[in-house]
Amino acid sequence: MTPTLLMALKMSVGVIILAIGMSSTLGDLTYLWRRPVLLLRSVLAMYVLVPLTALVMMKTMTLAPGVEIALLVFAVSAGAPLLPRKMMDIGDGGYTFSLVVTSTLLAIILVPAWLMLLGSQFGDPLDLRPGQVALVFAKTFFTPLAVGMLVSFFLPSFARVVANRLMMVAGLVLTLSAVALLVLNWNILLEARGPALLILALLIAAALAIGHWLGGPNEDDRTALAIACSTRHIGIAVLVATSVPGPRTAVLISAYIVTAAIVSIPYLWWRRSHSAKTASQQ
């Protein structure tokens with residue numbers, strides 16, 4: 001059952017990315033590339049400060065082995081394909097889309113590098129090569145993204161109608177699969193105990209703060225980067241989890257999905273309220 005639920009998680013991400021492609025343009029793709037300072041801040045937040053925060057937590061807290069590996073997986077699995085779904089109704093979408101694509105391209109090199117560096121710190125290096133990451137992204141990110149953009153180009157009216165509906169349905173399947181994985185493996189969460197979920201929540205909250213701080217003067221950019229820092233790439237996380245024997249890490253990934261929603265929803269409510277208030281004053 002666990003492999004089936006993991007497959008449902010990955011397929012849900014693929015459908016969400018298809019919907020992203022259907023609602024994006026080539027102009028959105030280059031948004032971040034034309035703003036090098038914002039690009040640098042984004043990379044620093046997602047690929048340097050969040051993994052270092054997880055490293056400090058792992059070094060200073062007493063954690064179960066499965067929780068340590070899970071934190072390692074979350075910390076390095078940057079690339080935020082779920083970001084546009086969470087960012088509905090905030091900003092113009094250019095920075096969000098460009099950040100998703102750029103962070104995914106960087107992940108091909110940076111995810112294996114961080115796994116090698118951080119894994120060796122705990123005597124359990126995880127061998128994940130750039131070619132493996134590139135293959136995962138080709139199947140789960142770039143292919144559905146390209147198909148979605150082609151649909152948008154040739155059938156723009158259809159794409160506009162369908163994209164949001166696909167995103168909502170896939171998001172629901174993703175959440176239900178994560179919850180089902182937790183329910184079927186509840187004993188693993190009992191073994192990890194409450195502190196494991198608290199530590200996940202602390203890491204997510206710290207990632208939100210890092211992104212918000214480095215997002216720059218544009219309020220929508222700050223919100224997008226905060227959510228990007230707290231949203232990890234499920235495809236890569238599942239790839240790493242399947243290289244670890246047993247379902248423990250996979251279950252903790254599901255715990256992360258649920259915990260991330262609980263922690264980030266209040267932040268998004270606050271940011272939407274702030275954005276609406278700012279717009280009404282202009």
# chains A, B, ... in the order shown; residues from 1 in each chain; ligands from 1
>>> residues_around(residues="Leu174 (chain A)", least_positions_apart="3", cutoff="6 Å", atoms="only C-alpha atoms", output="number ranges by chain")
A: 9, 12, 171, 177
>>> closest_residue(among="A:Ala255, A:Val37, A:Met116, A:Leu32", to="Leu72 (chain A)", atoms="only C-alpha atoms")
A:Met116
>>> atom_distance(atom1="CA of Val73 (chain A)", atom2="CA of Tyr47 (chain A)")
12.7 Å
>>> closest_residue(among="A:Asp221, A:Ile17, A:Met61, A:Thr4", to="Ala138 (chain A)", atoms="only C-alpha atoms")
A:Ile17
>>> atom_distance(atom1="CA of Leu200 (chain A)", atom2="CA of Thr175 (chain A)")
17.0 Å
>>> closest_residue(among="A:His212, A:Arg271, A:Lys277, A:Lys139", to="Cys229 (chain A)", atoms="only C-alpha atoms")
A:His212
